[in-house]
Amino acid sequence: MTKLFNRRPYSKLSLCLGSLLALAVQPGLLQADTMQTDEWQIEADKVLRFENPKSIIAEGNVVLTKLKILPPKQEKSDSEVSDWALLLEEDDVQNVVEIVTQETPVDAEPRYKKEITIKADWIAYDVEENNIKAKGHVSISNDTDSLTAEEGVLDLDTETGTFREATILRDSMDLHLEGQTIKKTGVNTYVIEDGWVVTCKVEENNSPPWSFAASETKVTQGEYAIMKHATFRIKDVPVLYTPWLMVPVGNKRQTGILFPEISSSDRNGFGINLPLFVNLSDSSDITLYPEYFAKRGFMPSMEYRYVLGVQQKASIMGTYLYDELSDPSETSYWEGTGYTHTNQDRYWIRGKLDHDFKNAVSTRVDLDIVSDRDYLTEFNGGMTGFEDSNNSFRDVFGRGFQNKTSDQRNNSFKVLKSWDEMALEGVFLGINDVRQDKTSPTPLWKLPSIDFTGSKPIGDTTLTLDWDTGYVNYYREEGVGGHRFDIYPRLSAPLPLGPYLESRAEAGIRDTFYSVQTYGDGVWEQNDTPNRLLADFHTEVGTTLLRDFTLDMGNSSGISHSFRPYVAYDFLSDTDQEDLPIFDSVDRIGELNAISYGIDNFFDLFGTKNGERDYGHLKISQSYDLRSESSDEPFSAVNVKIRWNPVNSARLIYKTDIDVYGDGFVTHSLESSYLNRRGDSVSVDYRYDILDNTDQINADIRARLFDTVFASYAIEHSISQSETIEQNISLMYQPACWSVELTSRYTPDDHTVMILFNLANIGTPLGMKL
């Protein structure tokens with residue numbers, strides 16, 4: 001293909017439409033010439049011009065392009081500066097050599113940008129009306145949309161037209177629209193007759209997996225497809241009708257109804273949740289969850305979110321239920337469940353806020369207020385349940401909520417200011433008390449607590465000063481509270497024992513002051529201003545041996561082994577602490593006089609495609625108590641910690657304590673997880689502790705059975721109580737562009753079945769309006 005303004009006559013010609021009047025009057029094949037405009041350019045195998053009416057016929061591989069002229073490039077000469085103040089960006093700059101901009105030459109070649117490209121097998125251009133008729137493999141494309149059709153008419157001034165058997169594709173959402181007739185009414189706006197819409201890619205000549213069909217569809221710019229007499233279809237089979245439907249087709253978040261969650265359970269009866277997403281701005285939104293349970297009543301929820309940056313974000317969510325099942329007359333509800341609440345007004349308010357300021361000040365807010373101790377256990381599943389809320393907040397903020405069975409729930413506001421090697425933190429902590437027996441003493445609040453920590457080297461010496469200082473004002477409605485000041489400075493330094501030994505010693509003094517107060521029915525018969533002084537000493541000596549082993553391990557060249565034996569000594573003075581109040585673990589610090597020893601083994605793979613990789617570790621440790629009262633059994637349990645990462649996507653962590661006086665294994669802890677590229681995953685957690693009678697296993701397994709079918713199973717089982725706390729079985733069918741998930745949840749007192757639908761780019765915060 002050659003262009004007419006190249007002055008080279010070939011059979012395939014190019015023409016600029018604005019130069020037509022300069023051509024010869026006689027109709028015939030256009031010859032090469034140097035003609036162009038700032039807007040349109042035409043290329044084709046053959047181009048014919050006619051005078052009456054003034055028109056052009058282009059045939060064969062026709063390409064019509066709208067060009068936007070760009071300002072010519074301006075080249076700047078290298079400038080010289082003779083004053084250091086300018087280079088240093090200081091004020092009062094003088095004697096600066098002026099920067100010279102070279103003018104663009106008059107004969108510089110202009111630059112163009114393609115805005116619209118029209119292609120067809122045949123195009124007729126009406127010069128006076130400035131419109132075209134196109135036939136055969138018609139396509140129109142710009143930066144966002146692509147339209148194809150068998151034939152069409154287009155007004156070049158308004159960029160509007162009508163097309164037959166047409167298709168519109170929008171890459172930003174994988175949007176696909178088809179219709180018998182499509183009218184282009186403006187920039188990225190259309191009216192479609194007898195067509196359908198789907199927000200996913202559809203292979204040519206294939207039926208969409210799902211679609212919305214309508215007698216008429218209006219597509220607004222960057223907003224919605226508004227449909228009349230619409231049907232929802234699966235593989236061209238209509239399954240749902242609505243006289244009016246609005247589907248988002250823009251690439252921005254939009255207000256609308258999300259897809260519902262449908263459930264049925266023994267305890268709640270039939271349930272439905274139909275969320276409404278409200279877009280307030282580019283950085284904030286609200287989601288309403290009007291949930292209804294046949295046996296309980298209406299249970300609305302609302303969530304507000306805003307995001308200004310990675311560390312400037314917040315989310316707060318509230319749920320309320322006037323629980324008809326919690327009526328005292330509903331005796332069957334209480335039988336065998338273990339529920340203890342007596343209130344019908346039930347709610348859960350949760351939220352988090354992160355905001356970091358430029359002056360190294362960070363704030364964190366955590367809200368967790370629930371009406372009763374049974375709420376989170378009963379409403380664990382579903383969009384607004386504890387599990388989904390906890391996972392959602394953890395994903396966004398990096399922290400979730402306390403265990404759902406906790407009956408003293410923390411609510412806090414934290415402010416952290418950091419400097420080099422120092423930090424100051426202030427915390428206000430309130431407790432949501434949902435204990436079954438709310439007797440004295442009530443939970444402690446911190447109003448506030450202030451901690452100042454740091455580490456500083458002392459002059460040019462090897463000494464380092466570390467400190468932890470804290471103040472807490474403990475308040476409670478009933479019981480003993482008060483003020484506590486805790487000062488804990490420490491000096492540490494390396495010990496010069498030789499080039500092959502790693503050694504360090506640390507000595508500290510801890511002074512704790514109290515001002516005890518009583519609240520409500522609280523009674524304190526000791527000194528109101530007790531004080532405790534402790535001294536401690538720690539030293540450790542170890543060495544590290546390294547060796548690389550060249551092995552054929554498939555994806556690596558070998559393994560690097562780091563072996564570190566060590567011996568440590570710890571001393572903490574003994575003092576009488578019976579006259580101190582008990583607020584937390586700081587108030588009772590036990591005497592210590594012990595030698596500990598152990599072996600740390602670290603393993604790294606080298607020669608992998610990503611360099612070195614952590615392969616795992618093995619740590620074994622034990623201590624020997626030197627105090628006389630422990631002379632009968634001075635040895636502690638042997639502690640073993642194992643971590644193994646066989647591949648990047650697999651992890652196993654095992655911890656155990658082995659008693660050396662006949663009790664054997666007293667604790668076990670196992671965490672394991674695996675995920676592969678297919679989407680299969682498995683995680684198993686096991687806990688055993690002979691002291692608190694814990695013996696529980698949790699497992700979560702997900703398997704891809706076929707290309708479009710997934711199955712998952714999750715269980716929480718108490719071995720010590722021979723009871724399954726909860727188990728979930730899910731089956732998901734997920735072909736291209738849509739999915740349906742069926743979940744069955746079992747608890748000792750209830751069985752719930754939930755169904756959740758999702759369509760690509762529809763069941764998301766982009767929303768859908770009905």
# chains A, B, ... in the order shown; residues from 1 in each chain; ligands from 1

call {"tool": "residues_around", "arguments": {"residues": "range 725-731 of chain A", "least_positions_apart": "2", "cutoff": "6 Å", "atoms": "only C-alpha atoms", "output": "number ranges by chain"}}
result
A: 710-717, 741-747

call {"tool": "write_last_selection", "arguments": {"atoms": "C-alpha atoms", "output": "short mmCIF file (atom, residue, chain, number, x, y, z; two decimals), in the first residue's frame"}}
result
data_model
loop_
_atom_site.label_atom_id
_atom_site.label_comp_id
_atom_site.auth_asym_id
_atom_site.auth_seq_id
_atom_site.Cartn_x
_atom_site.Cartn_y
_atom_site.Cartn_z
CA PHE A 710 -13.71 -26.55 42.26
CA ALA A 711 -14.46 -28.27 45.54
CA SER A 712 -13.42 -27.21 49.04
CA TYR A 713 -13.73 -28.60 52.53
CA ALA A 714 -12.95 -26.93 55.86
CA ILE A 715 -13.27 -28.33 59.37
CA GLU A 716 -12.63 -27.30 62.97
CA HIS A 717 -12.64 -30.42 65.16
CA GLU A 741 -21.01 -21.54 44.49
CA LEU A 742 -22.97 -23.88 46.74
CA THR A 743 -21.85 -24.03 50.38
CA SER A 744 -23.08 -26.29 53.15
CA ARG A 745 -22.13 -25.25 56.70
CA TYR A 746 -22.52 -27.58 59.69
CA THR A 747 -22.33 -26.66 63.40
#

call {"tool": "closest_atom_pairs", "arguments": {"of": "range 460-565 of chain A", "to": "range 582-598 of chain A", "cutoff": "12 Å", "atoms": "only C-alpha atoms", "output": "CSV"}}
result
residue,atom,partner,partner_atom,distance
A:Gly470,CA,A:Val586,CA,10.8
A:Tyr471,CA,A:Val586,CA,11.9
A:Val472,CA,A:Phe583,CA,10.1
A:Asn473,CA,A:Phe583,CA,10.6
A:Tyr474,CA,A:Phe583,CA,7.9
A:Tyr475,CA,A:Phe583,CA,10.3
A:Arg476,CA,A:Phe583,CA,10.8
A:Gly479,CA,A:Phe583,CA,11.0
A:Val480,CA,A:Phe583,CA,8.8
A:Gly481,CA,A:Phe583,CA,7.7
A:Gly482,CA,A:Phe583,CA,9.3
A:His483,CA,A:Phe583,CA,10.3
A:Arg484,CA,A:Phe583,CA,9.4
A:Phe485,CA,A:Val586,CA,10.9
A:Asp486,CA,A:Val586,CA,8.9
A:Ile487,CA,A:Val586,CA,11.5
A:Tyr488,CA,A:Val586,CA,11.5
A:Arg510,CA,A:Val586,CA,10.7
A:Asp511,CA,A:Val586,CA,11.2
A:Thr512,CA,A:Asp587,CA,8.6
A:Phe513,CA,A:Asp587,CA,10.4
A:Tyr514,CA,A:Asp587,CA,10.1
A:Val516,CA,A:Ile582,CA,10.6
A:Trp524,CA,A:Ile582,CA,11.6
A:Pro530,CA,A:Asp587,CA,11.3
A:Asn531,CA,A:Asp587,CA,10.6
A:Arg532,CA,A:Asp587,CA,9.1
A:Leu533,CA,A:Ile589,CA,11.0
A:Leu534,CA,A:Ile589,CA,9.1
A:Ala535,CA,A:Glu591,CA,10.1
A:Asp536,CA,A:Leu592,CA,8.6
A:Phe537,CA,A:Asn593,CA,9.5
A:His538,CA,A:Ile595,CA,10.0
A:Thr539,CA,A:Ile595,CA,9.8
A:Glu540,CA,A:Ser596,CA,9.1
A:Val541,CA,A:Tyr597,CA,9.6
A:Gly542,CA,A:Tyr597,CA,9.5
A:Thr543,CA,A:Gly598,CA,11.5
A:Phe563,CA,A:Gly598,CA,10.8
A:Arg564,CA,A:Gly598,CA,8.4
A:Pro565,CA,A:Gly598,CA,5.8

call {"tool": "residues_around", "arguments": {"residues": "His561 in chain A", "least_positions_apart": "2", "cutoff": "8 Å", "atoms": "only C-alpha atoms", "output": "count of residues only"}}
result
10

call {"tool": "residues_around", "arguments": {"residues": "range 352-359 of chain A", "least_positions_apart": "3", "cutoff": "6 Å", "atoms": "only C-alpha atoms", "output": "number ranges by chain"}}
result
A: 311-315, 362-366

call {"tool": "residues_around", "arguments": {"residues": "range 208-210 of chain A", "least_positions_apart": "6", "cutoff": "10 Å", "atoms": "only C-alpha atoms", "output": "JSON list (two decimals) with N, CA and C atoms, in the first residue's frame"}}
result
[["chain", "number", "residue", "atom", "x", "y", "z"],
["A", 176, "HIS", "N", -18.70, -6.88, 25.60],
["A", 176, "HIS", "CA", -19.05, -7.40, 24.28],
["A", 176, "HIS", "C", -20.54, -7.12, 24.06],
["A", 196, "TRP", "N", -27.58, -8.09, 22.49],
["A", 196, "TRP", "CA", -27.27, -8.62, 23.81],
["A", 196, "TRP", "C", -25.94, -8.04, 24.29],
["A", 197, "VAL", "N", -25.74, -8.13, 25.62],
["A", 197, "VAL", "CA", -24.57, -7.58, 26.29],
["A", 197, "VAL", "C", -23.97, -8.65, 27.18],
["A", 198, "VAL", "N", -22.64, -8.74, 27.18],
["A", 198, "VAL", "CA", -21.94, -9.63, 28.11],
["A", 198, "VAL", "C", -20.61, -8.97, 28.47],
["A", 199, "THR", "N", -20.23, -9.01, 29.74],
["A", 199, "THR", "CA", -18.99, -8.37, 30.18],
["A", 199, "THR", "C", -17.87, -9.39, 30.30],
["A", 200, "CYS", "N", -17.61, -10.09, 29.23],
["A", 200, "CYS", "CA", -16.45, -10.97, 29.17],
["A", 200, "CYS", "C", -16.15, -11.26, 27.71],
["A", 201, "LYS", "N", -14.95, -11.76, 27.47],
["A", 201, "LYS", "CA", -14.55, -12.04, 26.10],
["A", 201, "LYS", "C", -15.31, -13.25, 25.56],
["A", 202, "VAL", "N", -15.75, -13.15, 24.31],
["A", 202, "VAL", "CA", -16.46, -14.24, 23.64],
["A", 202, "VAL", "C", -15.70, -14.61, 22.38],
["A", 232, "PHE", "N", -32.17, -12.44, 31.02],
["A", 232, "PHE", "CA", -30.87, -13.01, 31.36],
["A", 232, "PHE", "C", -30.82, -14.41, 30.75],
["A", 233, "ARG", "N", -29.77, -14.68, 29.98],
["A", 233, "ARG", "CA", -29.69, -15.93, 29.25],
["A", 233, "ARG", "C", -28.43, -16.70, 29.62],
["A", 234, "ILE", "N", -28.55, -17.98, 29.64],
["A", 234, "ILE", "CA", -27.42, -18.89, 29.79],
["A", 234, "ILE", "C", -27.36, -19.74, 28.53],
["A", 235, "LYS", "N", -26.26, -19.56, 27.79],
["A", 235, "LYS", "CA", -26.10, -20.26, 26.50],
["A", 235, "LYS", "C", -27.32, -20.04, 25.59],
["A", 236, "ASP", "N", -27.72, -18.76, 25.48],
["A", 236, "ASP", "CA", -28.84, -18.35, 24.62],
["A", 236, "ASP", "C", -30.20, -18.85, 25.10],
["A", 237, "VAL", "N", -30.27, -19.43, 26.29],
["A", 237, "VAL", "CA", -31.55, -19.88, 26.83],
["A", 237, "VAL", "C", -32.02, -18.86, 27.86],
["A", 238, "PRO", "N", -33.17, -18.19, 27.64],
["A", 238, "PRO", "CA", -33.64, -17.19, 28.60],
["A", 238, "PRO", "C", -34.09, -17.85, 29.91],
["A", 735, "PRO", "N", -17.03, -21.41, 34.94],
["A", 735, "PRO", "CA", -16.58, -21.29, 33.55],
["A", 735, "PRO", "C", -16.16, -19.85, 33.29],
["A", 736, "ALA", "N", -15.88, -19.54, 32.04],
["A", 736, "ALA", "CA", -15.48, -18.18, 31.71],
["A", 736, "ALA", "C", -16.61, -17.21, 32.04],
["A", 737, "CYS", "N", -16.28, -16.15, 32.76],
["A", 737, "CYS", "CA", -17.15, -14.99, 32.93],
["A", 737, "CYS", "C", -18.26, -15.14, 33.97],
["A", 738, "TRP", "N", -18.43, -16.30, 34.62],
["A", 738, "TRP", "CA", -19.45, -16.37, 35.66],
["A", 738, "TRP", "C", -19.15, -17.55, 36.57],
["A", 759, "LEU", "N", -21.16, -12.82, 38.27],
["A", 759, "LEU", "CA", -20.88, -12.64, 36.85],
["A", 759, "LEU", "C", -19.67, -11.75, 36.71],
["A", 760, "ALA", "N", -18.84, -12.01, 35.69],
["A", 760, "ALA", "CA", -17.61, -11.23, 35.51],
["A", 760, "ALA", "C", -17.95, -9.76, 35.35]]

call {"tool": "atom_distance", "arguments": {"atom1": "CA of Trp244 in chain A", "atom2": "CA of Thr189 in chain A"}}
result
18.6 Å

call {"tool": "residues_around", "arguments": {"residues": "range 318-325 of chain A", "least_positions_apart": "4", "cutoff": "10 Å", "atoms": "only C-alpha atoms", "output": "PyMOL selection string"}}
result
chain A and resi 267-268+288-304+329-334+343-351+368-371+384-385

call {"tool": "residues_around", "arguments": {"residues": "Leu429 in chain A", "least_positions_apart": "2", "cutoff": "8 Å", "atoms": "only C-alpha atoms", "output": "list in words"}}
result
Asn410, Asn411, Ser412, Phe413, Val427, Ile431, Trp445, Lys446, Leu447 and Pro448 of chain A

call {"tool": "select_by_dssp", "arguments": {"residues": "range 577-699 of chain A", "states": "strand (DSSP E)", "output": "PyMOL selection string"}}
result
chain A and resi 592-608+611-625+638-644+650-659+664-675+681-689+694-699

call {"tool": "closest_residue", "arguments": {"among": "A:Gly498, A:Leu605, A:Asp600, A:Asp625", "to": "Val640 in chain A", "atoms": "only C-alpha atoms"}}
result
A:Asp600

call {"tool": "atom_distance", "arguments": {"atom1": "CA of Ser265 in chain A", "atom2": "CA of Ser326 in chain A"}}
result
16.2 Å

call {"tool": "closest_residue", "arguments": {"among": "A:Ile192, A:Gly271, A:Trp40, A:Thr464", "to": "Asp157 in chain A", "atoms": "only C-alpha atoms"}}
result
A:Trp40

call {"tool": "select_by_dssp", "arguments": {"residues": "range 365-487 of chain A", "states": "helix (DSSP H, G or I)", "output": "PyMOL selection string"}}
result
chain A and resi 375-378+386-397

call {"tool": "atom_distance", "arguments": {"atom1": "CA of Thr667 in chain A", "atom2": "CA of Gln721 in chain A"}}
result
17.2 Å

call {"tool": "closest_residue", "arguments": {"among": "A:Val153, A:Val709, A:Val63, A:Leu652", "to": "Gln734 in chain A", "atoms": "only C-alpha atoms"}}
result
A:Val709
